Structures are given as C-alpha cells and as structure tokens.
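Peer 1: Please find data27.csv (CSV, C-alpha atoms) on the next line:
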```csv
chain,number,residue,atom,x,y,z
A,790,MET,CA,79.8,112.5,118.8
A,791,ALA,CA,76.7,112.4,116.6
A,792,ALA,CA,73.4,111.9,118.4
A,793,VAL,CA,69.8,111.9,117.1
A,794,ALA,CA,66.9,111.5,119.4
A,795,VAL,CA,63.3,111.7,118.0
A,796,PRO,CA,59.9,110.9,119.5
A,797,CYS,CA,58.3,107.9,117.8
A,798,TRP,CA,55.3,110.0,116.7
A,799,PHE,CA,56.5,111.7,113.5
A,800,SER,CA,54.7,115.0,113.0
A,801,HIS,CA,55.0,118.3,111.0
A,802,ARG,CA,55.6,120.0,114.3
A,803,CYS,CA,58.7,117.9,114.8
A,804,LEU,CA,59.9,118.7,111.3
A,805,ARG,CA,59.6,122.4,111.8
A,806,SER,CA,61.6,122.3,115.0
A,807,ALA,CA,64.4,120.1,113.6
A,808,PRO,CA,67.6,121.7,112.2
A,809,ALA,CA,67.7,121.5,108.4
A,810,LEU,CA,71.0,119.7,108.4
A,811,LEU,CA,69.4,116.8,110.4
A,812,ALA,CA,66.3,116.4,108.2
A,813,ALA,CA,67.5,113.3,106.5
A,814,ALA,CA,68.5,111.7,109.7
A,815,LEU,CA,65.2,112.6,111.3
A,816,LEU,CA,63.3,111.0,108.5
A,817,MET,CA,65.3,107.8,108.9
A,818,ILE,CA,64.8,107.6,112.7
A,819,ALA,CA,61.1,108.4,112.4
A,820,SER,CA,60.7,105.5,110.0
A,821,ILE,CA,62.2,103.1,112.5
A,822,ALA,CA,61.1,104.7,115.7
A,823,PRO,CA,57.5,103.6,115.7
A,824,ALA,CA,58.6,100.0,116.0
A,825,ARG,CA,56.8,99.3,119.3
A,826,ALA,CA,57.1,96.0,121.0
A,827,GLU,CA,54.1,93.7,121.3
A,828,ARG,CA,52.0,95.0,124.2
A,829,ALA,CA,51.5,91.4,125.3
A,830,ASP,CA,55.2,91.0,125.8
A,831,SER,CA,55.2,93.3,128.9
A,832,SER,CA,52.9,90.9,130.7
A,833,GLN,CA,55.0,87.9,130.0
A,834,PRO,CA,57.6,86.4,132.4
A,835,LEU,CA,61.3,86.7,131.5
A,836,ALA,CA,62.7,83.2,130.8
A,837,PHE,CA,66.3,82.1,130.2
A,838,ASP,CA,68.2,79.1,128.9
A,839,ALA,CA,71.9,78.7,129.5
A,840,GLY,CA,74.7,76.1,129.9
A,841,ARG,CA,75.7,77.4,133.4
A,842,MET,CA,74.4,79.7,136.0
A,843,VAL,CA,76.1,81.3,139.1
A,844,LEU,CA,73.7,82.9,141.7
A,845,ASP,CA,74.9,85.6,144.0
A,846,GLY,CA,72.2,85.8,146.6
A,847,LYS,CA,73.5,88.9,148.4
A,848,ARG,CA,73.8,91.0,145.2
A,849,LYS,CA,70.7,89.4,143.7
A,850,VAL,CA,72.6,88.7,140.5
A,851,ARG,CA,72.5,85.6,138.2
A,852,VAL,CA,75.4,85.2,135.8
A,853,LEU,CA,74.5,83.0,132.9
A,854,SER,CA,77.0,81.6,130.4
A,855,GLY,CA,77.2,79.0,127.6
A,856,GLY,CA,75.0,79.9,124.7
A,857,VAL,CA,72.5,82.1,126.6
A,858,GLU,CA,69.0,82.8,125.4
A,859,ILE,CA,66.7,85.3,127.1
A,860,SER,CA,63.0,85.4,126.0
A,861,ARG,CA,59.9,87.4,126.9
A,862,GLY,CA,56.9,86.9,124.7
A,863,THR,CA,58.2,87.6,121.1
A,864,LEU,CA,61.4,89.1,122.5
A,865,LEU,CA,64.5,86.9,122.0
A,866,LEU,CA,68.1,87.9,123.1
A,867,LYS,CA,71.1,85.7,122.4
A,868,ALA,CA,74.6,86.1,123.9
A,869,ALA,CA,77.7,84.3,125.2
A,870,GLN,CA,77.1,85.6,128.7
A,871,VAL,CA,74.3,87.5,130.4
A,872,GLU,CA,74.2,89.1,133.9
A,873,LEU,CA,70.7,89.3,135.3
A,874,LYS,CA,70.2,91.7,138.2
A,875,GLU,CA,66.9,92.2,140.1
A,876,THR,CA,65.8,95.9,140.1
A,877,PRO,CA,64.2,97.7,143.0
A,878,GLN,CA,60.9,97.6,141.0
A,879,GLY,CA,61.1,93.8,141.0
A,880,GLY,CA,62.1,93.5,137.4
A,881,GLN,CA,65.3,92.3,135.7
A,882,PHE,CA,68.2,94.3,134.2
A,883,ALA,CA,70.2,92.2,131.8
A,884,ILE,CA,73.7,92.9,130.6
A,885,ALA,CA,74.5,90.7,127.6
A,886,THR,CA,78.0,90.4,126.1
A,887,ALA,CA,79.6,88.5,123.3
A,888,THR,CA,82.8,86.6,122.8
A,889,ASP,CA,85.6,88.2,120.8
A,890,GLY,CA,84.5,88.7,117.2
A,891,GLN,CA,80.9,87.9,117.9
A,892,PHE,CA,77.7,89.9,118.5
A,893,VAL,CA,74.8,89.8,120.9
A,894,THR,CA,71.6,89.6,118.9
A,895,PHE,CA,68.1,90.9,119.7
A,896,ARG,CA,64.7,90.2,118.0
A,897,GLN,CA,61.2,91.3,118.7
A,898,LYS,CA,57.9,91.5,116.8
A,899,ARG,CA,56.2,94.8,116.2
A,900,GLU,CA,52.6,95.3,117.4
A,901,GLY,CA,49.8,94.9,114.9
A,902,VAL,CA,51.9,94.6,111.8
A,903,ASP,CA,53.9,91.9,110.0
A,904,GLU,CA,57.2,93.5,111.0
A,905,THR,CA,60.0,92.5,113.3
A,906,VAL,CA,62.8,94.5,114.8
A,907,GLU,CA,66.3,92.9,114.7
A,908,GLY,CA,69.5,94.2,116.2
A,909,GLN,CA,73.0,93.3,117.0
A,910,SER,CA,76.0,94.8,118.9
A,911,ARG,CA,78.9,93.9,121.0
A,912,ARG,CA,76.9,94.5,124.2
A,913,ILE,CA,73.1,94.8,124.9
A,914,GLU,CA,71.5,96.1,128.0
A,915,TYR,CA,67.8,95.4,128.6
A,916,ASP,CA,65.6,96.7,131.3
A,917,SER,CA,62.4,94.6,131.7
A,918,VAL,CA,60.6,97.3,133.7
A,919,SER,CA,61.1,100.3,131.3
A,920,GLU,CA,61.4,98.0,128.3
A,921,THR,CA,64.5,99.9,127.2
A,922,VAL,CA,67.1,98.2,124.9
A,923,ARG,CA,70.5,99.7,124.6
A,924,PHE,CA,72.8,98.4,121.8
A,925,ILE,CA,76.4,99.3,122.5
A,926,GLY,CA,79.4,98.9,120.2
A,927,GLN,CA,79.1,98.5,116.4
A,928,ALA,CA,75.4,98.6,116.7
A,929,GLN,CA,73.0,97.8,113.9
A,930,VAL,CA,69.2,97.7,114.0
A,931,ARG,CA,66.9,96.8,111.1
A,932,VAL,CA,63.2,96.2,110.4
A,933,LEU,CA,62.0,93.1,108.6
A,934,ARG,CA,58.8,93.6,106.7
A,935,ALA,CA,57.0,90.4,105.9
A,936,GLY,CA,60.3,88.6,106.6
A,937,ALA,CA,62.3,90.7,104.2
A,938,PRO,CA,64.9,93.3,105.2
A,939,ALA,CA,63.5,96.9,105.0
A,940,ASP,CA,64.8,99.9,107.0
A,941,GLN,CA,68.2,99.8,108.7
A,942,VAL,CA,70.3,102.1,110.9
A,943,SER,CA,73.8,101.8,112.4
A,944,GLY,CA,75.9,103.7,114.9
A,945,GLN,CA,78.1,103.2,117.9
A,946,THR,CA,75.2,103.2,120.3
A,947,ILE,CA,71.5,102.7,119.6
A,948,VAL,CA,68.8,103.1,122.3
A,949,TYR,CA,65.2,102.2,122.0
A,950,ASP,CA,63.1,103.6,124.9
A,951,HIS,CA,59.6,102.1,124.6
A,952,GLY,CA,58.4,104.0,127.7
A,953,ARG,CA,59.3,107.4,126.3
A,954,ASP,CA,58.6,106.6,122.6
A,955,VAL,CA,62.2,107.7,121.7
A,956,PHE,CA,64.7,106.0,119.4
A,957,GLU,CA,68.2,107.4,119.7
A,958,VAL,CA,71.2,106.7,117.5
A,959,GLN,CA,74.7,107.9,118.4
A,960,GLY,CA,77.9,107.8,116.4
A,961,GLY,CA,81.3,107.3,118.1
A,962,THR,CA,84.4,109.5,118.0
A,963,SER,CA,87.6,108.4,116.3
A,964,ALA,CA,89.2,108.1,119.7
A,965,SER,CA,86.6,106.1,121.5
A,966,ALA,CA,84.8,104.1,118.8
A,967,GLN,CA,85.6,100.5,118.2
A,968,PRO,CA,86.5,99.4,114.6
A,969,ALA,CA,83.4,99.8,112.6
A,970,ALA,CA,81.3,96.9,111.4
A,971,PRO,CA,80.9,96.4,107.6
A,972,GLY,CA,78.8,99.3,106.3
A,973,ALA,CA,79.0,101.3,109.5
A,974,ALA,CA,81.6,104.1,109.3
A,975,SER,CA,83.2,105.1,112.6
A,976,GLY,CA,81.8,108.3,114.1
A,977,ARG,CA,78.8,108.5,111.9
A,978,VAL,CA,75.1,107.5,112.1
A,979,ARG,CA,73.9,105.8,108.9
A,980,GLY,CA,70.7,104.3,107.6
A,981,VAL,CA,68.7,103.0,104.7
A,982,LEU,CA,65.0,103.4,104.0
A,983,THR,CA,62.9,101.0,101.8
A,984,PRO,CA,59.6,102.2,100.3
A,985,ARG,CA,56.6,100.8,102.0
A,986,PRO,CA,54.2,99.0,99.6
A,987,THR,CA,51.0,100.9,98.7
A,988,GLY,CA,48.2,100.3,101.2
A,989,ALA,CA,50.5,99.2,104.1
A,990,ALA,CA,50.0,100.4,107.6
A,991,SER,CA,50.6,104.2,108.0
A,992,ARG,CA,54.1,105.2,108.7
A,993,PRO,CA,56.4,107.7,106.9
A,994,ALA,CA,57.6,106.2,103.7
A,995,GLY,CA,59.7,107.4,100.8
A,996,ALA,CA,62.3,106.4,98.2
A,997,ASP,CA,65.4,104.5,99.3
A,998,ALA,CA,67.6,106.9,101.1
A,999,ALA,CA,70.7,107.1,103.2
A,1000,ALA,CA,71.0,109.5,106.1
A,1001,GLU,CA,73.9,110.6,108.3
A,1002,GLY,CA,73.8,112.3,111.7
A,1003,ALA,CA,75.9,115.4,112.2
A,1004,ARG,CA,78.7,115.5,114.8
```
Represent the supplied structure as structure tokens.
Peer 2:
Amino acid sequence: MAAVAVPCWFSHRCLRSAPALLAAALLMIASIAPARAERADSSQPLAFDAGRMVLDGKRKVRVLSGGVEISRGTLLLKAAQVELKETPQGGQFAIATATDGQFVTFRQKREGVDETVEGQSRRIEYDSVSETVRFIGQAQVRVLRAGAPADQVSGQTIVYDHGRDVFEVQGGTSASAQPAAPGAASGRVRGVLTPRPTGAASRPAGADAAAEGAR
C-alpha cells in the first residue's frame, strides 16, 4: 500500500532525506500540506443540524441522521449520518458516513489566505481536540484558490493532522481498495499542482504536475 507522510513545513532538509523515487509525490504533498485550519476555528463550539438524533447517555454517543451538517467556525461537514462521541478530553469525535453511491464532504478555510480546503470520501472521521480529519474510501482533497480549483490529491485514505503538521496520503491495495472514483486509480496516490500567481503568499509552486506514490 502506498503511503506518503510529510511535515507541512517544506524544506531543503526534507528534500535531501526523501527517496528520489518519491520526489514528485513529496512536492505534491508539500504544496497541499501547509493548508492549516483557521486558528479561530479551534476556539469555536461544535454545532450540528440534523433531521433526527438518538442519544445514548451511558455511552455518551449521539447518532445524527437525515441530512446532517456539522460546523465549527469555517469548518463544515455534511453526511447522511454522523455518530458523535464525547472524548476523555471533553471534545467530540465524529464518524460521518454516506449513503450508497454518495460521499461525505468537508470544507474549511485556510488561515490568512484566500484559500479553502475541500474534501470528500465514503467516510470521514474528525477529532475536535486534535483537529485531525481522516478521509476514508475513494478520498479526494483539493485546494480552492480565490474560489477556483487549484491543487488536488486523491487516494484510498487521506489524513490531515493539524496538531503534528502532517498530511498523509495512502493508496489502497487491489484486494482491499473500493472501486476507484473517477480520476483516482486503485492502489495509487495521485495529484495535480497548479502554478501559484506571481506575488501570492509563499508556498512551493511549480508548473502543473501529476505525482504518484510508490507502493
């Protein structure tokens, strides 16, 4: 299974330590990885809107269904069903799932720039304490720059760990991966980079490119 994990801070030191065969994939991940959430979002309460809720007091679990929306500042998650469980730290751990043929969607604005991170997958797990988002099953994440699609990456599983500044993309295996979404070949990590306009905020930029993670 292909896996690429890169610190969000892209440096020459990281490049020197990376295997040559993964150079293209590292460039792709580095371009998307600095997509930090708005700092103000972490201080906001987690709100939800749903057609139905079932509360299990003993397990401290709320099961929401019927066009569920979870929001926290600029963060917006939409799913057919969401299970919210209280964590020992007093936060919420959300497991969002979609109906057959549909996707769970995620959207959050980046800090300090006119960019937004969007993602979709069959299942999304969100930890409000660590601010970690895990996209599972036919996962796709892209960056909108001034409202227009820019960088994009796809894989079987995509994890954005804001606390550790790590963005990880994994491809599936032919035996375990679900049928690939359009543009996402099974077992591979793929991405597209769009050149950043001259004078834009500093971040690795380059010509349009596609990158693949090695098995």
Peer 1: What is the distance, in Å and to one decimal place, between CA of Pro877 (chain A) and CA of Lys849 (chain A)?
Peer 2: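 Spanning CA of Pro877 (chain A) to CA of Lys849 (chain A) is a straight-line distance of 10.6 Å.
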Peer 1: At a cut-off of 6 Å, can you tabulate as CSV every residue of region 845-933 of chain A near region 828-839 of chain A together with its closest atom pair and the distance in Å to one decimal, using all atoms listed in the file and ordering rows by chain then number?
Peer 2:
```
residue,atom,partner,partner_atom,distance
A:Ser854,CA,A:Ala839,CA,5.9
A:Gly855,CA,A:Ala839,CA,5.6
A:Gly856,CA,A:Ala839,CA,5.8
A:Val857,CA,A:Ala839,CA,4.5
A:Glu858,CA,A:Asp838,CA,5.2
A:Ile859,CA,A:Phe837,CA,4.5
A:Ser860,CA,A:Ala836,CA,5.3
A:Arg861,CA,A:Leu835,CA,4.9
A:Gly862,CA,A:Asp830,CA,4.6
```
Peer 1: Work out how far apart CA of Thr894 (chain A) and CA of Leu844 (chain A) are and give it in Å to one decimal.
Peer 2: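 A separation of 23.9 Å between them.
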Peer 1: Looking at A:Leu933, A:Phe956, A:Gln909, A:Ala869, which one is nearest to Thr888 (chain A), with distances taken over all atoms listed in the file?
Peer 2: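 Of A:Leu933, A:Phe956, A:Gln909, A:Ala869, the one nearest Thr888 (chain A), counting all atoms listed in the file, is A:Ala869.
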Peer 1: Grab the CA of Asp950 (chain A) to CA of Gln897 (chain A) distance for me, in Å with one decimal place.
Peer 2: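 Pair CA of Asp950 (chain A) / CA of Gln897 (chain A) returns 13.9 Å.
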Peer 1: Counting only C-alpha atoms, find the residues whose atoms lie at most 9 Å from (66.7, 96.4, 124.5) (file coordinates) and write them out as a ChimeraX atom specification.
Peer 2: /A:866,895,913-917,920-924,948-950
Peer 1: Name the closest residue to Ser919 (chain A) among the candidates A:Val958, A:Asp889, A:Arg896, A:Gln878; distances are taken between atoms, counting only C-alpha atoms.
Peer 2: A:Gln878
Peer 1: So which one's closest to Gln929 (chain A), A:Gly879, A:Gly846, A:Gly908, A:Gly890? Using all atoms listed in the file, please.
Peer 2: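 Comparing A:Gly879, A:Gly846, A:Gly908, A:Gly890 against Gln929 (chain A), the winner is A:Gly908.
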